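Below: query12.pdb (PDB, C-alpha atoms)
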ATOM      1  CA  MET A  13     111.403  70.610  38.727
ATOM      2  CA  GLY A  14     107.885  71.936  39.346
ATOM      3  CA  ARG A  15     106.483  74.305  41.943
ATOM      4  CA  ALA A  16     104.848  71.439  43.897
ATOM      5  CA  ASP A  17     108.143  69.884  45.028
ATOM      6  CA  PHE A  18     110.011  73.167  45.718
ATOM      7  CA  GLN A  19     110.493  73.921  49.394
ATOM      8  CA  GLY A  20     112.535  77.077  49.590
ATOM      9  CA  VAL A  21     112.123  80.368  51.332
ATOM     10  CA  ASP A  22     110.393  83.530  50.206
ATOM     11  CA  LEU A  23     111.820  87.062  50.085
ATOM     12  CA  PHE A  24     111.550  87.470  53.875
ATOM     13  CA  GLY A  25     113.042  84.088  54.756
ATOM     14  CA  GLU A  26     109.711  82.373  55.438
ATOM     15  CA  PRO A  27     109.474  78.718  54.323
ATOM     16  CA  VAL A  28     107.305  78.121  51.294
ATOM     17  CA  PRO A  29     105.052  75.108  51.934
ATOM     18  CA  PRO A  30     104.619  72.614  49.137
ATOM     19  CA  ALA A  31     101.326  72.720  47.258
ATOM     20  CA  LYS A  32      98.982  70.019  48.534
ATOM     21  CA  VAL A  33      96.519  68.689  46.029
ATOM     22  CA  ALA A  34      94.597  66.355  48.338
ATOM     23  CA  ARG A  35      93.680  68.900  51.049
ATOM     24  CA  ARG A  36      91.654  72.021  50.577
ATOM     25  CA  GLY A  37      92.226  75.253  52.401
ATOM     26  CA  ARG A  38      95.194  76.690  54.168
ATOM     27  CA  PRO A  39      97.447  74.359  56.164
ATOM     28  CA  GLU A  40      97.292  74.779  59.948
ATOM     29  CA  HIS A  41      99.906  77.063  61.440
ATOM     30  CA  VAL A  42     102.712  75.315  63.293
ATOM     31  CA  TRP A  43     104.463  76.913  66.282
ATOM     32  CA  SER A  44     108.203  77.480  65.874
ATOM     33  CA  GLN A  45     110.918  78.845  68.123
ATOM     34  CA  GLU A  46     111.895  81.372  65.452
ATOM     35  CA  ASN A  47     108.349  82.771  65.309
ATOM     36  CA  SER A  48     108.180  82.830  69.099
ATOM     37  CA  ASN A  49     111.394  84.878  69.219
ATOM     38  CA  ARG A  50     110.040  87.250  66.570
ATOM     39  CA  ILE A  51     106.876  87.828  68.556
ATOM     40  CA  ASN A  52     108.793  88.430  71.777
ATOM     41  CA  LEU A  53     111.076  90.934  70.023
ATOM     42  CA  LEU A  54     108.069  92.737  68.559
ATOM     43  CA  PHE A  55     106.479  92.946  71.996
ATOM     44  CA  ALA A  56     109.759  94.116  73.543
ATOM     45  CA  THR A  57     109.972  96.954  71.021
ATOM     46  CA  GLY A  58     106.452  98.193  71.777
ATOM     47  CA  HIS A  59     104.336  96.448  69.140
ATOM     48  CA  ASP A  60     100.945  94.979  69.934
ATOM     49  CA  PRO A  61      99.541  91.491  69.229
ATOM     50  CA  ALA A  62      97.818  92.648  66.016
ATOM     51  CA  ASP A  63     101.235  93.614  64.615
ATOM     52  CA  ALA A  64     102.655  90.216  65.573
ATOM     53  CA  ALA A  65      99.761  88.432  63.856
ATOM     54  CA  ALA A  66     100.304  90.508  60.713
ATOM     55  CA  VAL A  67     104.033  89.701  60.660
ATOM     56  CA  LEU A  68     103.352  85.983  60.952
ATOM     57  CA  GLY A  69     100.480  86.140  58.491
ATOM     58  CA  VAL A  70      97.981  84.600  60.893
ATOM     59  CA  SER A  71      94.718  85.737  62.433
ATOM     60  CA  MET A  72      94.380  86.850  66.042
ATOM     61  CA  PRO A  73      92.607  83.607  67.063
ATOM     62  CA  THR A  74      95.472  81.602  65.529
ATOM     63  CA  LEU A  75      98.021  83.780  67.329
ATOM     64  CA  ARG A  76      96.182  83.226  70.633
ATOM     65  CA  LYS A  77      95.974  79.479  69.973
ATOM     66  CA  HIS A  78      99.638  78.867  69.188
ATOM     67  CA  TYR A  79     101.428  81.711  71.001
ATOM     68  CA  PHE A  80      99.384  82.046  74.193
ATOM     69  CA  SER A  81     102.442  82.016  76.473
ATOM     70  CA  GLU A  82     104.042  84.849  74.496
ATOM     71  CA  LEU A  83     100.798  86.838  74.669
ATOM     72  CA  GLU A  84     100.706  86.439  78.466
ATOM     73  CA  GLN A  85     104.069  88.200  78.643
ATOM     74  CA  TRP A  86     103.172  90.927  76.136
ATOM     75  CA  ARG A  87     103.223  93.840  78.578
ATOM     76  CA  THR A  88     106.392  92.748  80.374
ATOM     77  CA  ALA A  89     108.456  91.796  77.309
ATOM     78  CA  LYS A  90     110.194  95.185  77.131
ATOM     79  CA  LEU A  91     111.194  95.013  80.780
ATOM     80  CA  LYS A  92     112.409  91.420  80.415
ATOM     81  CA  LEU A  93     114.565  92.326  77.413
ATOM     82  CA  LYS A  94     116.070  95.264  79.298
ATOM     83  CA  ALA A  95     116.786  93.043  82.307
ATOM     84  CA  GLN A  96     118.510  90.532  80.047
ATOM     85  CA  GLN A  97     120.631  93.251  78.444
ATOM     86  CA  LEU A  98     121.613  94.618  81.855
ATOM     87  CA  ALA A  99     122.611  91.107  82.953
ATOM     88  CA  TRP A 100     124.812  90.780  79.857
ATOM     89  CA  LEU A 101     126.423  94.142  80.565
ATOM     90  CA  HIS A 102     127.027  93.132  84.167
ATOM     91  CA  ARG A 103     128.598  89.832  83.115
ATOM     92  CA  GLU A 104     130.849  91.595  80.621
ATOM     93  CA  GLY A 105     131.758  94.219  83.227
ATOM     94  CA  GLU A 106     132.763  91.533  85.703
ATOM     95  CA  ALA A 107     134.999  90.057  82.999
ATOM     96  CA  GLY A 108     136.793  93.415  82.773
ATOM     97  CA  ASN A 109     135.129  94.993  79.743
ATOM     98  CA  VAL A 110     135.426  98.730  80.475
ATOM     99  CA  ALA A 111     132.909  99.727  77.785
ATOM    100  CA  ALA A 112     130.334  97.415  79.364
ATOM    101  CA  ILE A 113     130.991  98.909  82.801
ATOM    102  CA  LYS A 114     130.512 102.447  81.469
ATOM    103  CA  GLU A 115     127.300 101.486  79.662
ATOM    104  CA  LEU A 116     125.979  99.751  82.768
ATOM    105  CA  PHE A 117     126.583 102.926  84.809
ATOM    106  CA  LYS A 118     124.759 104.952  82.144
ATOM    107  CA  GLN A 119     121.813 102.564  82.320
ATOM    108  CA  VAL A 120     121.757 102.769  86.121
ATOM    109  CA  ASP A 121     121.776 106.578  85.965
ATOM    110  CA  ARG A 122     118.920 106.548  83.448
ATOM    111  CA  GLY A 123     116.923 104.246  85.685
ATOM    112  CA  VAL A 124     117.490 106.456  88.729
ATOM    113  CA  MET A 125     116.490 109.554  86.769
ATOM    114  CA  ALA A 126     113.361 107.849  85.403
ATOM    115  CA  ALA A 127     112.360 106.726  88.909
ATOM    116  CA  GLY A 128     112.853 110.262  90.217
ATOM    117  CA  ALA A 129     110.743 111.671  87.384
ATOM    118  CA  ARG A 130     107.959 109.176  88.173
ATOM    119  CA  ASP A 131     108.076 110.158  91.842
ATOM    120  CA  MET A 132     107.898 113.851  90.982
ATOM    121  CA  ALA A 133     104.996 113.300  88.576
ATOM    122  CA  ARG A 134     102.875 111.594  91.240
ATOM    123  CA  PRO A 135     100.715 114.004  93.164
ATOM    124  CA  ALA A 136     101.548 114.155  96.842
ATOM    125  CA  LYS A 137      98.909 112.570  99.009
ATOM    126  CA  ALA A 138      97.283 115.078 101.304
ATOM    127  CA  ALA A 139      97.302 114.140 104.946
ATOM    128  CA  LYS A 140      93.855 113.050 106.023
ATOM    129  CA  LYS A 141      92.237 114.930 108.856
ATOM    130  CA  PRO A 142      91.459 112.689 111.766
ATOM    131  CA  LYS A 143      87.760 111.992 111.981
ATOM    132  CA  PRO A 144      86.260 113.608 115.074
ATOM    133  CA  GLY A 145      84.664 111.462 117.745
ATOM    134  CA  LYS A 146      80.934 111.472 118.543
ATOM    135  CA  LYS A 147      81.046 114.179 121.208
ATOM    136  CA  GLU A 148      83.382 116.383 119.199
ATOM    137  CA  GLN A 149      81.185 116.026 116.106
ATOM    138  CA  ALA A 150      78.109 116.960 118.168
ATOM    139  CA  ASN A 151      79.874 120.124 119.395
ATOM    140  CA  ILE A 152      80.885 121.017 115.808
ATOM    141  CA  ASP A 153      77.314 120.503 114.601
ATOM    142  CA  ALA A 154      75.957 122.655 117.438
ATOM    143  CA  ARG A 155      78.367 125.496 116.637
ATOM    144  CA  GLU A 156      77.483 125.341 112.937
ATOM    145  CA  ALA A 157      73.750 125.378 113.693
ATOM    146  CA  SER A 158      74.055 128.366 116.000
ATOM    147  CA  ALA A 159      76.225 130.228 113.501
ATOM    148  CA  SER A 160      73.838 129.601 110.610
ATOM    149  CA  GLY A 161      71.106 131.603 112.280
ATOM    150  CA  GLU A 162      68.274 129.065 112.249
ATOM    151  CA  TRP A 163      68.390 128.263 115.942
ATOM    152  CA  GLY A 164      70.709 131.038 116.899
ATOM    153  CA  SER A 165      67.942 133.627 117.062
ATOM    154  CA  LEU A 166      65.873 131.391 119.328
ATOM    155  CA  LEU A 167      68.793 130.621 121.594
ATOM    156  CA  ARG A 168      69.816 134.266 122.015
ATOM    157  CA  HIS A 169      66.402 135.436 123.302
TER     158      HIS A 169
END

Represent the structure from my file as structure tokens, please.
Amino acid sequence: MGRADFQGVDLFGEPVPPAKVARRGRPEHVWSQENSNRINLLFATGHDPADAAAVLGVSMPTLRKHYFSELEQWRTAKLKLKAQQLAWLHREGEAGNVAAIKELFKQVDRGVMAAGARDMARPAKAAKKPKPGKKEQANIDAREASASGEWGSLLRH
């Protein structure tokens, strides 16, 4: 049995394509659900698209070509995974799993604390002064001009 007809998996579980004699170059990448799940998990754990391309062994243009829908959800993948986990905990809690109920309460508390920290970190918006009307602005300008001394000396004489 030669290498050309062996179709196994490599050390990391990736399929080993058969050697093709007739075609030159690397075979085109084919989208798979397993690779899509890998990419989504990488994005959910904070990795960027370059990391996902390296894991799959493809270039960034190939990643964009075959996994464009995953790339669109890159920034929200972590939030989506957390939402899915919370839904699982909720489902298990409704079924009576006490550990799931306790973990769900912990997650809720963490979320409340994180939201409070975000609110505290935001600078408070200063109340805007109401803009004076035309007549009021003219009076303010007149007072400032007389106080500055330019016209004040002429007006006092």

Item checked: Answer key for the PyMOL selection byres ((chain A and resi 53-60) around 7), residues as a VMD selection string -> chain A and resid 49 to 52 61 to 64 86 89 to 90 93

Interface rows for range 32-106 of chain A against range 114-125 of chain A: nearest pair, Å to one decimal, 10 Å, all atoms listed in the file, as a tab-separated table:
residue	atom	partner	partner_atom	distance
A:Lys94	CA	A:Gln119	CA	9.8
A:Gln97	CA	A:Leu116	CA	9.5
A:Leu98	CA	A:Leu116	CA	6.8
A:Ala99	CA	A:Leu116	CA	9.3
A:Trp100	CA	A:Leu116	CA	9.5
A:Leu101	CA	A:Leu116	CA	6.0
A:His102	CA	A:Leu116	CA	6.8
A:Glu104	CA	A:Leu116	CA	9.7
A:Gly105	CA	A:Leu116	CA	8.0

Set the distance at 12 Å and use all atoms listed in the file: which residues neighbour Glu40 in chain A once local chain neighbours fewer than 6 positions away are removed? I'd like the list as an MDAnalysis selection string. chainID A and resid 29 69:71 74:75 77:78

Rounded to one decimal, what separation in Å do you get between CA of Ala66 in chain A and CA of Ala95 in chain A?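 Interatomic distance, CA of Ala66 in chain A to CA of Ala95 in chain A: 27.3 Å.
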
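If you look at CA of Gln45 in chain A and CA of Glu82 in chain A, they are 11.1 Å away from each other.
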
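As for CA of Val42 in chain A and CA of Phe80 in chain A, they are spaced 13.2 Å apart.
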
Between A:Val67, A:Ala150, A:Glu106, A:Asn47, smallest distance to Tyr79 in chain A by only C-alpha atoms belongs to A:Asn47
